[in-house]
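Everything on this sheet refers to the single structure shown next.
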Amino acid sequence: MQVPVGLSELVVSSRKAQAKWYTKLLQTWKEAKPAPRTPEQASKIVIRTLKHHQKADVEGLLKYYGLPLPHSLVDAKDIPDGDTLTVYVSAKDRREAPNVPKAVHVAVSQRTKASASKDYQKADVLHKNIIDAGYRVLTGSNNKDILAKKYRIRLSGIDCPESKQHYGQEAKQELIKLVQGKCLLINVYAEDRYGRLVGDIHCNGKFIQEIMLKKGFAWHYAAYDKRPELIKWENAARAKRVGLWASPNPEKPWEWRKKKHDGN
């Protein structure tokens, strides 16, 4: 198995080991159904296939082919259900830049130097410190590191089935499909008791709450948001019996949570 020239500059293992990766990857690629169609899907195959190899080798291989690195991929913990997600805002944004702690800037600079000298253990420790401070280092399309602030967002005006409820996983997957790997416009109105920012999310000109309601993935959360268009969209989905409304009597998520809290 021939190894591409130049890859050895980005990884730490021998060329013999690299040849073994390609044998594994070729087999996994042939068996993948459906075949990966996006850089994110290809990246996940590489990460899954080489999960027992050194992190520096996996990331070096991804960088060589211009694929997203593990920490730039949205995974299940970033979108726990259909009405909550985690987003990252560039620290260069004019509203974010003045608030970045000096210690985070120092950690980012030290991490860059550690990665350049292939001291990946130190780089990982520094990245953990950055994450603990509420930030994350992501990799942009040009393979340059981007410091970003982490925010948890609660979609205003809707309440989706919890992940363990009937239709909860379907609601979660719909939100992932709508927002994963895309730029979002978020209008924030408040902060809830869990520290999440509550607001509206728009993506590619689409109002995400509207889509979730019209497709029957959510209830209008009338206790916290009185906008008439929200109940209108829910009623339209009910009338068509789409999504969760295909069930005769779906359980409201706030009632389900209350039962769990009361121990029933």
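Ordering of the structure tokens sets the chain letters (A, B, ...), residue numbers begin anew at 1 in every chain, and ligands are numbered from 1 in the order given.
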
List as a PDB file with N, CA and C atoms, in the first residue's frame the protein and nucleic acid residues near Glu170 (chain A), meaning an atom at most 10 Å away when only C-alpha atoms are counted, but skip any in the same chain fewer than 2 places from it.
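The resulting file, selection-v5.pdb, is shown below:
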```pdb
ATOM      1  N   ASP A  81     -31.292  17.142  22.308  1.00  0.00           N
ATOM      2  CA  ASP A  81     -32.680  16.890  21.934  1.00  0.00           C
ATOM      3  C   ASP A  81     -33.100  17.903  20.871  1.00  0.00           C
ATOM      4  N   GLY A  82     -34.391  17.944  20.569  1.00  0.00           N
ATOM      5  CA  GLY A  82     -34.847  18.764  19.455  1.00  0.00           C
ATOM      6  C   GLY A  82     -34.950  20.244  19.713  1.00  0.00           C
ATOM      7  N   CYS A 160     -39.777  20.147  22.579  1.00  0.00           N
ATOM      8  CA  CYS A 160     -39.744  18.881  21.852  1.00  0.00           C
ATOM      9  C   CYS A 160     -39.788  17.708  22.819  1.00  0.00           C
ATOM     10  N   PRO A 161     -40.199  16.540  22.352  1.00  0.00           N
ATOM     11  CA  PRO A 161     -40.139  15.357  23.210  1.00  0.00           C
ATOM     12  C   PRO A 161     -38.719  15.154  23.725  1.00  0.00           C
ATOM     13  N   SER A 163     -35.369  13.117  24.824  1.00  0.00           N
ATOM     14  CA  SER A 163     -34.709  12.092  24.022  1.00  0.00           C
ATOM     15  C   SER A 163     -35.200  10.675  24.334  1.00  0.00           C
ATOM     16  N   HIS A 166     -41.230   8.994  23.422  1.00  0.00           N
ATOM     17  CA  HIS A 166     -41.624   8.626  22.068  1.00  0.00           C
ATOM     18  C   HIS A 166     -41.431   9.827  21.149  1.00  0.00           C
ATOM     19  N   TYR A 167     -40.786   9.616  20.032  1.00  0.00           N
ATOM     20  CA  TYR A 167     -40.498  10.603  19.000  1.00  0.00           C
ATOM     21  C   TYR A 167     -39.401  11.602  19.402  1.00  0.00           C
ATOM     22  N   GLY A 168     -38.763  11.359  20.545  1.00  0.00           N
ATOM     23  CA  GLY A 168     -37.682  12.254  20.968  1.00  0.00           C
ATOM     24  C   GLY A 168     -36.468  12.173  20.065  1.00  0.00           C
ATOM     25  N   LYS A 172     -34.709  15.105  17.635  1.00  0.00           N
ATOM     26  CA  LYS A 172     -33.276  15.418  17.727  1.00  0.00           C
ATOM     27  C   LYS A 172     -32.615  15.322  16.358  1.00  0.00           C
ATOM     28  N   GLN A 173     -32.890  14.247  15.621  1.00  0.00           N
ATOM     29  CA  GLN A 173     -32.269  14.054  14.317  1.00  0.00           C
ATOM     30  C   GLN A 173     -32.703  15.130  13.323  1.00  0.00           C
ATOM     31  N   GLU A 174     -33.945  15.607  13.449  1.00  0.00           N
ATOM     32  CA  GLU A 174     -34.405  16.673  12.569  1.00  0.00           C
ATOM     33  C   GLU A 174     -33.618  17.960  12.823  1.00  0.00           C
ATOM     34  N   LEU A 175     -33.401  18.286  14.103  1.00  0.00           N
ATOM     35  CA  LEU A 175     -32.635  19.493  14.418  1.00  0.00           C
ATOM     36  C   LEU A 175     -31.198  19.365  13.927  1.00  0.00           C
ATOM     37  N   ILE A 176     -30.602  18.193  14.097  1.00  0.00           N
ATOM     38  CA  ILE A 176     -29.247  17.962  13.596  1.00  0.00           C
ATOM     39  C   ILE A 176     -29.203  18.199  12.089  1.00  0.00           C
ATOM     40  N   PHE A 217     -42.571  18.031  15.069  1.00  0.00           N
ATOM     41  CA  PHE A 217     -41.491  17.592  15.949  1.00  0.00           C
ATOM     42  C   PHE A 217     -41.531  18.302  17.306  1.00  0.00           C
ATOM     43  N   GLY A 243     -45.709  13.824  12.034  1.00  0.00           N
ATOM     44  CA  GLY A 243     -44.768  13.740  13.148  1.00  0.00           C
ATOM     45  C   GLY A 243     -45.380  13.091  14.368  1.00  0.00           C
ATOM     46  N   LEU A 244     -45.161  13.708  15.521  1.00  0.00           N
ATOM     47  CA  LEU A 244     -45.658  13.131  16.775  1.00  0.00           C
ATOM     48  C   LEU A 244     -47.178  13.121  16.838  1.00  0.00           C
TER      49      LEU A 244
END
```

Can you tell me which residues surround Tyr88 (chain A) at a distance of at most 8 Å, considering only C-alpha atoms, apart from same-chain residues fewer than 2 positions away, and format the answer as a ChimeraX atom specification?
/A:86,90,136,148-151

Using DSSP on the backbone coordinates, identify all residues within region 30-202 of chain A classified as helix (DSSP H, G or I); present the result as a ChimeraX atom specification.
/A:30-31,39-49,55-64,70-72,76-78,97-99,102-116,120-132,168-179

Write down as number ranges by chain the residues belonging to region 26-93 of chain A that are assigned strand (DSSP E) by DSSP computed on the backbone.
A: 84-90

Tell me, as a list in words, which residues lie within 10 Å of Val188 (chain A), counting only C-alpha atoms; anything in the same chain fewer than 4 positions away does not count.
Ile153, Arg154, Leu155, Ser156, Leu197, Val198, Gly199, Asp200 and Ile201 of chain A

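One finds CA of Ser43 (chain A) at 28.6 Å from CA of Ile211 (chain A).
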
List the spatial neighbours of region 228-242 of chain A as a list in words - criterion: any atom at most 12 Å away, only C-alpha atoms, same-chain residues fewer than 5 positions off excluded.
Ser156, Gly157, Ile158, Asp159, Cys160, Tyr167, Asp200, Phe207, Ile208, Gln209, Glu210, Ile211, Met212, Leu213, Lys214, Lys215, Gly216, Phe217, Ala218, Trp219, His220, Tyr221, Ala222, Ala223, Ser247, Pro248, Asn249 and Pro250 of chain A

Generate a file of the selected residues that holds C-alpha atoms, formatted as an mmCIF file, in the first residue's frame.
```cif
data_model
loop_
_atom_site.group_PDB
_atom_site.id
_atom_site.type_symbol
_atom_site.label_atom_id
_atom_site.label_comp_id
_atom_site.auth_asym_id
_atom_site.auth_seq_id
_atom_site.Cartn_x
_atom_site.Cartn_y
_atom_site.Cartn_z
ATOM 1 C CA SER A 156 -37.655 29.829 22.265
ATOM 2 C CA GLY A 157 -41.334 28.967 22.008
ATOM 3 C CA ILE A 158 -41.149 25.229 21.378
ATOM 4 C CA ASP A 159 -40.809 22.124 23.516
ATOM 5 C CA CYS A 160 -39.744 18.881 21.852
ATOM 6 C CA TYR A 167 -40.498 10.603 19.000
ATOM 7 C CA ASP A 200 -34.824 32.223 17.856
ATOM 8 C CA PHE A 207 -36.887 29.881 10.891
ATOM 9 C CA ILE A 208 -35.976 26.663 12.701
ATOM 10 C CA GLN A 209 -38.835 26.748 15.231
ATOM 11 C CA GLU A 210 -41.321 27.116 12.383
ATOM 12 C CA ILE A 211 -39.962 24.014 10.663
ATOM 13 C CA MET A 212 -39.961 21.960 13.881
ATOM 14 C CA LEU A 213 -43.588 22.881 14.579
ATOM 15 C CA LYS A 214 -44.896 22.447 11.025
ATOM 16 C CA LYS A 215 -43.300 18.999 10.700
ATOM 17 C CA GLY A 216 -44.752 17.854 14.030
ATOM 18 C CA PHE A 217 -41.491 17.592 15.949
ATOM 19 C CA ALA A 218 -42.513 20.009 18.728
ATOM 20 C CA TRP A 219 -45.254 21.558 20.826
ATOM 21 C CA HIS A 220 -45.825 25.282 21.070
ATOM 22 C CA TYR A 221 -44.457 26.122 24.548
ATOM 23 C CA ALA A 222 -47.281 28.521 25.392
ATOM 24 C CA ALA A 223 -46.277 28.897 29.040
ATOM 25 C CA SER A 247 -50.064 9.215 17.708
ATOM 26 C CA PRO A 248 -53.566 9.565 19.174
ATOM 27 C CA ASN A 249 -52.464 11.065 22.490
ATOM 28 C CA PRO A 250 -48.775 12.080 22.602
#
```

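When only C-alpha atoms are used to measure the gap to Val137 (chain A), the shortest distance among A:Val89, A:Ala103, A:Arg196, A:Tyr120 belongs to A:Val89.
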
Could you give me, as a PyMOL selection string, the residues within 10 Å of region 15-30 of chain A, counting only C-alpha atoms and dropping anything in the same chain fewer than 3 positions from it?
chain A and resi 1-4+7-8+11-12+33-36+42+45-50+53+57-58+61

Next, write the just-selected residues to a file, as a PDB file, in the first residue's frame, keeping N, CA, C and O atoms as the atom set.
```pdb
ATOM      1  N   MET A   1       0.853  -1.194   0.000  1.00  0.00           N
ATOM      2  CA  MET A   1       0.000   0.000   0.000  1.00  0.00           C
ATOM      3  C   MET A   1       0.885   1.239   0.000  1.00  0.00           C
ATOM      4  O   MET A   1       1.722   1.409   0.891  1.00  0.00           O
ATOM      5  N   GLN A   2       0.728   2.098  -0.982  1.00  0.00           N
ATOM      6  CA  GLN A   2       1.561   3.287  -1.110  1.00  0.00           C
ATOM      7  C   GLN A   2       1.030   4.404  -0.222  1.00  0.00           C
ATOM      8  O   GLN A   2      -0.157   4.679  -0.184  1.00  0.00           O
ATOM      9  N   VAL A   3       1.946   5.059   0.495  1.00  0.00           N
ATOM     10  CA  VAL A   3       1.594   6.159   1.394  1.00  0.00           C
ATOM     11  C   VAL A   3       1.904   7.485   0.700  1.00  0.00           C
ATOM     12  O   VAL A   3       2.975   7.637   0.113  1.00  0.00           O
ATOM     13  N   PRO A   4       0.998   8.469   0.730  1.00  0.00           N
ATOM     14  CA  PRO A   4       1.232   9.753   0.057  1.00  0.00           C
ATOM     15  C   PRO A   4       2.473  10.463   0.583  1.00  0.00           C
ATOM     16  O   PRO A   4       2.739  10.467   1.793  1.00  0.00           O
ATOM     17  N   LEU A   7       2.722  13.130   3.929  1.00  0.00           N
ATOM     18  CA  LEU A   7       1.897  12.783   5.084  1.00  0.00           C
ATOM     19  C   LEU A   7       2.749  12.612   6.343  1.00  0.00           C
ATOM     20  O   LEU A   7       2.331  12.987   7.437  1.00  0.00           O
ATOM     21  N   SER A   8       3.961  12.070   6.178  1.00  0.00           N
ATOM     22  CA  SER A   8       4.831  11.808   7.333  1.00  0.00           C
ATOM     23  C   SER A   8       5.180  13.069   8.108  1.00  0.00           C
ATOM     24  O   SER A   8       5.571  12.998   9.270  1.00  0.00           O
ATOM     25  N   VAL A  11       2.266  13.338  10.847  1.00  0.00           N
ATOM     26  CA  VAL A  11       1.970  12.243  11.781  1.00  0.00           C
ATOM     27  C   VAL A  11       3.242  11.806  12.498  1.00  0.00           C
ATOM     28  O   VAL A  11       4.333  12.261  12.179  1.00  0.00           O
ATOM     29  N   VAL A  12       3.064  10.920  13.482  1.00  0.00           N
ATOM     30  CA  VAL A  12       4.223  10.509  14.282  1.00  0.00           C
ATOM     31  C   VAL A  12       4.622   9.055  14.047  1.00  0.00           C
ATOM     32  O   VAL A  12       5.728   8.653  14.400  1.00  0.00           O
ATOM     33  N   LYS A  33     -22.193   1.690   4.205  1.00  0.00           N
ATOM     34  CA  LYS A  33     -23.503   1.784   3.553  1.00  0.00           C
ATOM     35  C   LYS A  33     -24.402   2.698   4.379  1.00  0.00           C
ATOM     36  O   LYS A  33     -24.706   2.378   5.532  1.00  0.00           O
ATOM     37  N   PRO A  34     -24.799   3.853   3.814  1.00  0.00           N
ATOM     38  CA  PRO A  34     -24.432   4.346   2.486  1.00  0.00           C
ATOM     39  C   PRO A  34     -23.006   4.885   2.471  1.00  0.00           C
ATOM     40  O   PRO A  34     -22.435   5.156   3.528  1.00  0.00           O
ATOM     41  N   ALA A  35     -22.449   5.026   1.300  1.00  0.00           N
ATOM     42  CA  ALA A  35     -21.096   5.565   1.171  1.00  0.00           C
ATOM     43  C   ALA A  35     -21.075   7.022   1.630  1.00  0.00           C
ATOM     44  O   ALA A  35     -22.046   7.751   1.441  1.00  0.00           O
ATOM     45  N   PRO A  36     -19.988   7.458   2.281  1.00  0.00           N
ATOM     46  CA  PRO A  36     -19.909   8.858   2.740  1.00  0.00           C
ATOM     47  C   PRO A  36     -19.963   9.827   1.571  1.00  0.00           C
ATOM     48  O   PRO A  36     -19.308   9.608   0.542  1.00  0.00           O
ATOM     49  N   ALA A  42     -16.948  11.505   5.863  1.00  0.00           N
ATOM     50  CA  ALA A  42     -15.649  10.875   5.609  1.00  0.00           C
ATOM     51  C   ALA A  42     -14.762  10.963   6.847  1.00  0.00           C
ATOM     52  O   ALA A  42     -14.080  10.005   7.213  1.00  0.00           O
ATOM     53  N   ILE A  45     -15.670   8.394   9.440  1.00  0.00           N
ATOM     54  CA  ILE A  45     -15.195   7.046   9.101  1.00  0.00           C
ATOM     55  C   ILE A  45     -13.732   6.881   9.492  1.00  0.00           C
ATOM     56  O   ILE A  45     -13.325   5.867  10.057  1.00  0.00           O
ATOM     57  N   VAL A  46     -12.931   7.901   9.194  1.00  0.00           N
ATOM     58  CA  VAL A  46     -11.505   7.842   9.555  1.00  0.00           C
ATOM     59  C   VAL A  46     -11.348   7.745  11.072  1.00  0.00           C
ATOM     60  O   VAL A  46     -10.588   6.904  11.582  1.00  0.00           O
ATOM     61  N   ILE A  47     -12.077   8.580  11.798  1.00  0.00           N
ATOM     62  CA  ILE A  47     -11.967   8.606  13.262  1.00  0.00           C
ATOM     63  C   ILE A  47     -12.397   7.264  13.855  1.00  0.00           C
ATOM     64  O   ILE A  47     -11.741   6.722  14.752  1.00  0.00           O
ATOM     65  N   ARG A  48     -13.510   6.717  13.351  1.00  0.00           N
ATOM     66  CA  ARG A  48     -14.012   5.437  13.877  1.00  0.00           C
ATOM     67  C   ARG A  48     -13.055   4.283  13.559  1.00  0.00           C
ATOM     68  O   ARG A  48     -12.787   3.431  14.400  1.00  0.00           O
ATOM     69  N   THR A  49     -12.518   4.266  12.343  1.00  0.00           N
ATOM     70  CA  THR A  49     -11.639   3.174  11.921  1.00  0.00           C
ATOM     71  C   THR A  49     -10.312   3.186  12.673  1.00  0.00           C
ATOM     72  O   THR A  49      -9.756   2.132  12.996  1.00  0.00           O
ATOM     73  N   LEU A  50      -9.798   4.392  12.954  1.00  0.00           N
ATOM     74  CA  LEU A  50      -8.482   4.521  13.595  1.00  0.00           C
ATOM     75  C   LEU A  50      -8.589   4.935  15.061  1.00  0.00           C
ATOM     76  O   LEU A  50      -7.671   5.545  15.612  1.00  0.00           O
ATOM     77  N   HIS A  53      -5.689   4.228  17.418  1.00  0.00           N
ATOM     78  CA  HIS A  53      -4.373   4.760  17.059  1.00  0.00           C
ATOM     79  C   HIS A  53      -4.130   6.088  17.776  1.00  0.00           C
ATOM     80  O   HIS A  53      -5.042   6.666  18.369  1.00  0.00           O
ATOM     81  N   ASP A  57      -1.773  10.937  14.998  1.00  0.00           N
ATOM     82  CA  ASP A  57      -1.830  10.306  13.679  1.00  0.00           C
ATOM     83  C   ASP A  57      -3.187  10.535  13.009  1.00  0.00           C
ATOM     84  O   ASP A  57      -3.260  10.841  11.817  1.00  0.00           O
ATOM     85  N   VAL A  58      -4.247  10.363  13.786  1.00  0.00           N
ATOM     86  CA  VAL A  58      -5.596  10.543  13.234  1.00  0.00           C
ATOM     87  C   VAL A  58      -5.781  11.986  12.754  1.00  0.00           C
ATOM     88  O   VAL A  58      -6.244  12.232  11.636  1.00  0.00           O
ATOM     89  N   LEU A  61      -3.705  12.765   9.626  1.00  0.00           N
ATOM     90  CA  LEU A  61      -4.304  12.207   8.417  1.00  0.00           C
ATOM     91  C   LEU A  61      -5.477  13.065   7.944  1.00  0.00           C
ATOM     92  O   LEU A  61      -5.626  13.348   6.751  1.00  0.00           O
TER      93      LEU A  61
END
```

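Going from CA of His105 (chain A) over to CA of Leu147 (chain A), you cover 8.9 Å.
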
Of the candidates A:Gln165, A:Val104, A:Trp254, A:Asp192, which shows the shortest atom-to-atom distance to Asp132 (chain A), using only C-alpha atoms?
A:Val104

Using CA of Asp145 (chain A) and CA of Pro98 (chain A) as the two end points, give the distance in Å to one decimal.
19.0 Å
